[in-house]
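Participant: Next up is a structure, given as structure tokens.
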Amino acid sequence: MQARRSDPVKTSALWPGKPYPLGATWDGEGVNFALFSENATAVELCLFDSVQPGAETQRIALTETTTHVWHGYLPGLAPGQLYGYRVHGPYAPADGHRFNGRKILLDPYAREIARDLTWDDALLGPRAGDDLTASPLDSAPFAPLARVVSGAFDWAGDVAPATPWQDTVVYELHVKGFTKSHPEVPEKLRGTYAGLASEPSLRYLRMLGITAVELLPVHYHIDDRFLIDGGRVNYWGYNTLGYFAPDPRYAASGPEGAVVEFKEMVRALHAAGLEVILDVVYNHTAEGDARGPTLSFRGLDNAAYYRLAEDRAHYVDFTGCGNSLNGQQPRVLQLIMDSLRYWVLEMHVDGFRFDLASALARELWDVDRLGAFFDIIQQDPVLSRVKLIAEPWDLGPGGYQVGNFPGLWTEWNGKYRDCVRRFWKGHGGTVGELASRLTGSSDLYQHNGRSPSASLNFVTCHDGFTLADLVSYNEKHNEANGENNRDGCNHNESWNCGVEGPTDDLAIHALRAQQRRNFLATLLLSQGVPMLLAGDEFIQTQGGNNNAYCQDSAVGWLDWELSAEQRAQLAFVRELIALRKSAPVFRRRRFFQGKPIHGAEVNDLSWLKPDGTEMTEQDWFTDHLLCIGMGLLGDQIEETDERGRRIVGDSYLLLLNAQATVVPFRLGSRQRVVQWTCILDTADPAAVGRVFEHRMEYPLAARSLAVLRPERLEDDRAATAKPGQRGPGRP
């Protein structure tokens with residue numbers, strides 16, 4: 001039985017149109033509509049009143065098809081028009097088909113969302129409790145609607161910063177959470193794209209010293225029904241429905257201004273020297289499993305858009321979210337690539353972080369790092385030139401693929417996170433792996449010609465404890481999520497330093513502060529690309545919640561009322577970032593050689609034991625060793641800058657002690673250094689500036705990290721140097 005239809009537009013008013021580009025495209029005189037559906041029997045374009053968005057005013061049958069693309073052109077139609085689709089075909093779940101002409105479907109290529117979803121049973125494809133029968137309820141009053149846009153925008157000479165990977169410092173933030181409580185951001189702009197682009201925000205980001213913001217998902221997403229029913233929302237936004245549309249809930253100017261406001265944000269961030277990286281979710285959609293709503297892809301062509309199980313009535317789920325997009329289908333792969341290019345070319349973003357990227361690498365079942373998805377990006381003249389970051393795992397078998405992505409890709413290095421956490425907890429047997437993680441994880445990335453920049457290093461991210469909570473809780477405390485604390489990861493490698501949660505114990509409080517500094521210094525002085533979670537620089541806490549995905553509240557928003565202690569840690573982070581930027585040896589483009597260079601007596605990297613002697617092969621397998629020195633030679637980088645000039649910088653000695661006792665670390669090795677100056681000590685700020693003679697013992701405090709720099713130097717070449725000259729610095 002067909003739904004009641006309004007009077008159609010006269011057939012003569014509809015021109016054949018073109019099958020490309022997909023979506024709704026205004027050319028100045030009318031709008032071309034093009035929609036892919038391989039298995040549909042009929043497609044209707046539905047127009048809605050812009051004043052009363054629930055009122056469906058016209059239905060127009062698209063009768064032209066070209067290679068499974070249904071298309072038509074409406075002359076005289078202008079930007080601002082609201083629209084959706086009704087797609088007809090068999091409702092046969094056992095065959096993989098879930099067509100239902102009573103459902104209004106969102107255009108997968110929608111550029112702007114005019115009306116958000118309102119939850120109602122009418123959004124469900126099957127009859128309630130009967131998956132074999134199509135629902136008779138019409139979803140027009142409740143479904144999300146798209147708006148035709150013009151695309152016009154004055155970029156005013158916008159220039160992308162194009163920061164080299166080795167110079168990049170990533171800052172992961174939530175568009176709303178970053179400014180929602182910011183007292184200096186105008187109230188009407190808080191929590192929006194415009195708020196992130198406001199002067200107080202830009203001033204802070206510049207002051208901090210980061211070079212790129214990585215935004216949690218800003219594609220249009222929906223809030224799960226069970227969250228809405230429980231008074232919560234999908235705050236993080238990993239529930240995408242519209243891959244071309246910026247989410248209107250973050251637009252201070254309202255849904256009709258979301259596209260322009262997003263572009264203005266990017267332009268402002270670029271002007272401040274900051275790149276914009278989007279966290280994108282192409283592994284699944286917001287329609288969930290077979291019990292989920294019919295909002296777009298499921299009703300357009302379920303069998304084409306999704307990976308179906310053997311029984312065809314259910315979905316293959318590599319994501320834990322109910323479904324997996326079918327990247328094997330050429331048109332689905334085209335959707336992903338068209339979306340990515342749109343955000344680069346039209347929205348000027350600088351790169352992407354791909355959520356559960358292993359799911360995109362699955363050709364049939366196993367992960368295939370040479371699959372079609374990577375082949376297309378590799379040769380694409382647009383996408384191959386932006387920053388590409390993979391979250392290199394999914395929930396399917398063999399999904400943990402850290403180190404296995406192709407050459408263009410940088411990866412979230414989960415092994416870095418876990419190793420650094422274990423080391424600073426005091427786990428034995430970690431120094432061998434730690435050495436690799438500190439030096440860019442060559443064991444993971446060098447085998448296929450990649451560089452240290454392939455490793456995006458992080459200790460914390462949105463998913464898990466904040467840094468403050470990492471050193472304050474042994475267990476997750478997610479009761480506020482309404483899932484009886486069953487959600488969130490149980491394997492955190494966290495340590496509460498002796499007391500669970502807040503404490504008045506001054507000794508524990510001091511230890512936690514020191515551990516935070518240890519983590520921050522390790523992160524920002526490691527080879528690779530550091531990523532800092534927004535708020536970690538000033539001790540942001542979520543009260544032990546390690547899965548705040550549904551906390552659109554003070555739990556998930558940054559608190560900008562900073563105490564003296566918070567400001568002190570913020571200053572510490574700024575100093576670390578400045579040190580990293582000033583010292584080429586902390587951001588090498590190539591891996592350490594670990595062997596003599598040009599006949600020199602020293603290597604470009606040395607590892608020292610507390611007695612000042614170099615590590616032997618056997619020492620790396622000593623379980624109880626928790627203290628180590630790392631010598632970085634600034635005159636042995638053996639790299640050139642973009643103008644061909646040899647890169648030379650200061651040398652440094654990093655001392656790391658995860659033991660619970662002080663270690664007298666002898667400042668000696670086979671190189672001849674006369675004098676050392678302390679430039680950082682996570683346990684003793686007063687030590688900064690102190691001078692130590694060579695062969696002296698540095699009092700390396702329990703659970704601390706120190707950085708020393710050689711100031712008075714000599715080597716074998718000093719004997720032949722002119723009076724008053726010294727040889728190059730080597731720790």
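Ligands are numbered from 1 in the order shown, residues from 1 within each chain, and chains are lettered A, B, ... in the order they appear in the structure tokens.
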For stretch 607-617 of chain A, find every residue with an atom within 7 Å (counting only C-alpha atoms), except residues of its own chain fewer than 4 positions away, and show them as a PyMOL selection string.
Facilitator: chain A and resi 627-631+664-669
Participant: Quick one: contact table of stretch 372-434 of chain A to stretch 269-290 of chain A, 10 Å max, nearest atom pair and distance in Å to one decimal per residue, counting only C-alpha atoms, chain and number order, as JSON lines?
Facilitator:
{"residue": "A:Val386", "atom": "CA", "partner": "A:Ile277", "partner_atom": "CA", "distance": 9.4}
{"residue": "A:Lys387", "atom": "CA", "partner": "A:Ile277", "partner_atom": "CA", "distance": 7.7}
{"residue": "A:Leu388", "atom": "CA", "partner": "A:Ile277", "partner_atom": "CA", "distance": 8.9}
{"residue": "A:Ile389", "atom": "CA", "partner": "A:Asp279", "partner_atom": "CA", "distance": 9.0}
{"residue": "A:Ala390", "atom": "CA", "partner": "A:Asp279", "partner_atom": "CA", "distance": 9.7}
{"residue": "A:Glu391", "atom": "CA", "partner": "A:Asp279", "partner_atom": "CA", "distance": 9.8}
{"residue": "A:Asp394", "atom": "CA", "partner": "A:Asn283", "partner_atom": "CA", "distance": 9.1}
Participant: Which residue is closest to A:Leu700? Choose from A:Val185, A:Val662, A:Leu383, A:Ile60 and count only C-alpha atoms.
Facilitator: A:Val662
Participant: Can you check which residues of stretch 317-465 of chain A DSSP gives as strand (DSSP E or B) on the backbone and send them as a PyMOL selection string?
Facilitator: chain A and resi 325+351-354+362+367+387-390+410-412+455-457
Participant: For a test of reading the model, state the distance in Å between atom CA of A:Asp375 and atom CA of A:Gly242, rounded to one decimal.
Facilitator: 24.4 Å
Participant: May I have the residues within 6 Å of stretch 73-81 of chain A as a list of chain:residue names, using only C-alpha atoms and disregarding those fewer than 3 positions away in the same chain?
Facilitator: A:Leu14, A:Trp15, A:Pro16, A:Gly17, A:Glu29, A:Gly30, A:Val31, A:Asn32, A:Arg147, A:Val148, A:Val149, A:Ser150
Participant: What's the 12 Å shell around A:Arg291, counting only C-alpha atoms, without same-chain residues fewer than 3 positions away, as a PyMOL selection string?
Facilitator: chain A and resi 93+98+121+123-132+225+286-288+294+298+313-315+321-323
Participant: Please write the residues from the selection above to a file, keeping C-alpha atoms, as a PDB file, in the first residue's frame.
Facilitator:
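The result, stored in part-v4.pdb:
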ATOM      1  CA  PRO A  93      15.229  -8.759   4.643  1.00  0.00           C
ATOM      2  CA  ARG A  98      14.760  -3.169   3.141  1.00  0.00           C
ATOM      3  CA  ASP A 121       8.542   4.644  15.788  1.00  0.00           C
ATOM      4  CA  LEU A 123      11.539   6.015  11.637  1.00  0.00           C
ATOM      5  CA  LEU A 124      11.768   2.226  11.889  1.00  0.00           C
ATOM      6  CA  GLY A 125      11.660   0.284   8.620  1.00  0.00           C
ATOM      7  CA  PRO A 126       9.849  -2.882   9.779  1.00  0.00           C
ATOM      8  CA  ARG A 127       6.538  -3.120  11.582  1.00  0.00           C
ATOM      9  CA  ALA A 128       7.093  -3.088  15.349  1.00  0.00           C
ATOM     10  CA  GLY A 129       8.063  -6.585  16.487  1.00  0.00           C
ATOM     11  CA  ASP A 130       7.862  -8.011  12.965  1.00  0.00           C
ATOM     12  CA  ASP A 131      11.050  -7.740  10.921  1.00  0.00           C
ATOM     13  CA  LEU A 132       9.453  -9.496   7.945  1.00  0.00           C
ATOM     14  CA  ARG A 225      17.362   6.569  20.908  1.00  0.00           C
ATOM     15  CA  ALA A 286      24.111   5.818  12.536  1.00  0.00           C
ATOM     16  CA  GLU A 287      21.443   3.369  11.323  1.00  0.00           C
ATOM     17  CA  GLY A 288      22.761   0.641  13.637  1.00  0.00           C
ATOM     18  CA  THR A 294      15.687   3.630   8.285  1.00  0.00           C
ATOM     19  CA  ARG A 298      19.271   1.278   4.617  1.00  0.00           C
ATOM     20  CA  ALA A 313      18.994 -10.261   7.110  1.00  0.00           C
ATOM     21  CA  HIS A 314      21.766  -9.173   9.470  1.00  0.00           C
ATOM     22  CA  TYR A 315      24.979  -7.190   9.249  1.00  0.00           C
ATOM     23  CA  CYS A 321      28.025  -0.265  16.320  1.00  0.00           C
ATOM     24  CA  GLY A 322      25.700  -2.672  14.525  1.00  0.00           C
ATOM     25  CA  ASN A 323      26.842  -2.381  10.921  1.00  0.00           C
TER      26      ASN A 323
END
Participant: Go through A:Thr65, A:Gln378, A:Thr319, A:Ser324 and flag the residue nearest A:Trp393, using only C-alpha atoms for the distances.
Facilitator: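 The answer is A:Thr319, which sits nearest to A:Trp393.
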Participant: Residues near A:Glu493, anyone? I mean within 10 Å using only C-alpha atoms, not counting same-chain ones fewer than 6 positions away, as a ChimeraX atom specification.
Facilitator: /A:417-425,470-471,474-475
Participant: Output the selection as a short mmCIF file (atom, residue, chain, number, x, y, z; two decimals), in the first residue's frame - N, CA and C atoms for each residue.
Facilitator:
data_model
loop_
_atom_site.label_atom_id
_atom_site.label_comp_id
_atom_site.auth_asym_id
_atom_site.auth_seq_id
_atom_site.Cartn_x
_atom_site.Cartn_y
_atom_site.Cartn_z
N ARG A 417 51.37 4.28 23.68
CA ARG A 417 50.55 4.61 24.86
C ARG A 417 50.71 3.56 25.95
N ASP A 418 50.56 2.30 25.59
CA ASP A 418 50.58 1.23 26.60
C ASP A 418 51.96 1.06 27.22
N CYS A 419 53.00 1.16 26.41
CA CYS A 419 54.36 0.98 26.93
C CYS A 419 54.74 2.10 27.88
N VAL A 420 54.46 3.34 27.49
CA VAL A 420 54.81 4.48 28.35
C VAL A 420 54.04 4.41 29.66
N ARG A 421 52.78 4.01 29.60
CA ARG A 421 52.00 3.88 30.84
C ARG A 421 52.60 2.79 31.74
N ARG A 422 52.98 1.66 31.16
CA ARG A 422 53.55 0.58 31.96
C ARG A 422 54.87 1.00 32.60
N PHE A 423 55.70 1.68 31.82
CA PHE A 423 56.99 2.09 32.36
C PHE A 423 56.83 3.00 33.57
N TRP A 424 55.99 4.01 33.45
CA TRP A 424 55.86 4.96 34.57
C TRP A 424 55.06 4.39 35.73
N LYS A 425 54.38 3.27 35.52
CA LYS A 425 53.80 2.54 36.65
C LYS A 425 54.86 1.75 37.40
N LEU A 470 44.24 9.41 34.86
CA LEU A 470 45.15 8.28 34.67
C LEU A 470 46.02 8.05 35.89
N VAL A 471 46.36 9.12 36.60
CA VAL A 471 47.22 8.99 37.78
C VAL A 471 46.40 9.08 39.07
N ASN A 474 42.49 3.70 39.68
CA ASN A 474 42.83 2.35 39.22
C ASN A 474 41.70 1.74 38.42
N GLU A 475 40.48 2.17 38.70
CA GLU A 475 39.29 1.60 38.07
C GLU A 475 38.47 2.70 37.41
#
Participant: Go ahead and compute the interatomic distance for atom CA of A:Ala197 and atom CA of A:Glu261, in Å to one decimal.
Facilitator: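 According to the coordinates, atom CA of A:Ala197 and atom CA of A:Glu261 are separated by 9.3 Å.
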Participant: So which bits of stretch 234-476 of chain A end up alpha helix (DSSP H) when you DSSP the backbone, as number ranges by chain?
Facilitator: A: 258-271, 297-305, 330-345, 372-379, 414-425, 431-438, 442-445, 467-470
Participant: Which residues are near A:Phe373? Cut-off 7 Å, only C-alpha atoms, ignore same chain within fewer than 4 positions. Put them as an MDAnalysis selection string.
Facilitator: chainID A and resid 360:361 377
Participant: Skipping near chain neighbours, those fewer than 2 positions away, what residues fall within 12 Å of A:Arg206 using only C-alpha atoms, listed as a list in words?
Facilitator: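 Skipping anything fewer than 2 positions along the chain leaves Val169, Tyr171, Glu199, Pro200, Ser201, Leu202, Arg203, Tyr204, Leu208, Gly209, Ile210, Thr211, Ala212, Val213, Leu269, His270, Ala271, Ala272, Gly273, Leu274, Glu275, Arg574, Ile577 and Ala578 of chain A.
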Participant: Those selected residues, please, written with C-alpha atoms and delivered as an mmCIF file, in the first residue's frame.
Facilitator:
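Printed below is again.cif as written:
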data_model
loop_
_atom_site.group_PDB
_atom_site.id
_atom_site.type_symbol
_atom_site.label_atom_id
_atom_site.label_comp_id
_atom_site.auth_asym_id
_atom_site.auth_seq_id
_atom_site.Cartn_x
_atom_site.Cartn_y
_atom_site.Cartn_z
ATOM 1 C CA VAL A 169 51.982 18.942 17.481
ATOM 2 C CA TYR A 171 45.748 18.877 19.938
ATOM 3 C CA GLU A 199 39.937 35.446 19.492
ATOM 4 C CA PRO A 200 40.131 33.984 23.045
ATOM 5 C CA SER A 201 40.323 30.476 21.581
ATOM 6 C CA LEU A 202 42.877 31.378 18.941
ATOM 7 C CA ARG A 203 44.961 33.297 21.444
ATOM 8 C CA TYR A 204 45.065 30.291 23.763
ATOM 9 C CA LEU A 208 50.060 26.795 23.946
ATOM 10 C CA GLY A 209 52.194 26.195 20.875
ATOM 11 C CA ILE A 210 50.320 23.384 19.176
ATOM 12 C CA THR A 211 50.234 23.343 15.369
ATOM 13 C CA ALA A 212 47.057 21.383 14.526
ATOM 14 C CA VAL A 213 43.644 20.822 16.054
ATOM 15 C CA LEU A 269 42.475 28.759 12.333
ATOM 16 C CA HIS A 270 44.617 28.849 9.203
ATOM 17 C CA ALA A 271 45.272 32.549 9.703
ATOM 18 C CA ALA A 272 46.502 31.674 13.196
ATOM 19 C CA GLY A 273 48.905 29.114 11.717
ATOM 20 C CA LEU A 274 46.861 26.098 12.804
ATOM 21 C CA GLU A 275 45.889 23.115 10.687
ATOM 22 C CA ARG A 574 54.227 25.338 27.016
ATOM 23 C CA ILE A 577 56.457 22.335 23.362
ATOM 24 C CA ALA A 578 58.851 25.261 23.003
#
Participant: Using only C-alpha atoms for the distances, tell me which of A:Tyr549, A:Tyr85, A:Trp557, A:Tyr250 is nearest to A:Lys188.
Facilitator: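 Comparing A:Tyr549, A:Tyr85, A:Trp557, A:Tyr250 against A:Lys188, the winner is A:Tyr250.
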Participant: I need the residue nearest A:Gly237 from this list: A:Asp224, A:Gly449, A:Val218, A:Gln675. Use only C-alpha atoms for the distance.
Facilitator: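 Of all the options, A:Val218 lies closest to A:Gly237.
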Participant: Write out as JSON lines the residues of stretch 167-262 of chain A that have any atom within 12 Å of an atom of stretch 135-145 of chain A, one row each with the nearest atom pair and its distance in Å to one decimal, counting only C-alpha atoms, sorted by chain and then rising number.
Facilitator:
{"residue": "A:Tyr220", "atom": "CA", "partner": "A:Pro144", "partner_atom": "CA", "distance": 10.3}
{"residue": "A:His221", "atom": "CA", "partner": "A:Pro144", "partner_atom": "CA", "distance": 10.5}
{"residue": "A:Ile222", "atom": "CA", "partner": "A:Pro144", "partner_atom": "CA", "distance": 9.4}
{"residue": "A:Leu241", "atom": "CA", "partner": "A:Pro144", "partner_atom": "CA", "distance": 9.7}
{"residue": "A:Gly242", "atom": "CA", "partner": "A:Pro144", "partner_atom": "CA", "distance": 10.0}
{"residue": "A:Ala245", "atom": "CA", "partner": "A:Leu145", "partner_atom": "CA", "distance": 11.5}
{"residue": "A:Asp247", "atom": "CA", "partner": "A:Pro144", "partner_atom": "CA", "distance": 12.0}
{"residue": "A:Pro248", "atom": "CA", "partner": "A:Pro144", "partner_atom": "CA", "distance": 11.6}
{"residue": "A:Pro255", "atom": "CA", "partner": "A:Leu145", "partner_atom": "CA", "distance": 11.0}
{"residue": "A:Glu256", "atom": "CA", "partner": "A:Leu145", "partner_atom": "CA", "distance": 11.9}
Participant: Expressed in Å to a single decimal, how great is the separation between atom CA of A:Ala687 and atom CA of A:Cys497?
Facilitator: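 The value is 24.0 Å.
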Participant: Can you work out which one of A:Val499, A:Met337, A:Ala513, A:Leu300 has the shortest atom-to-atom distance to A:Tyr91, counting only C-alpha atoms?
Facilitator: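 Smallest separation from A:Tyr91 among the options: A:Leu300.
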Participant: Here is a test: counting only C-alpha atoms, which residue of A:Leu340, A:Arg567, A:Asp463, A:Val259 is nearest to A:Phe153?
Facilitator: A:Val259
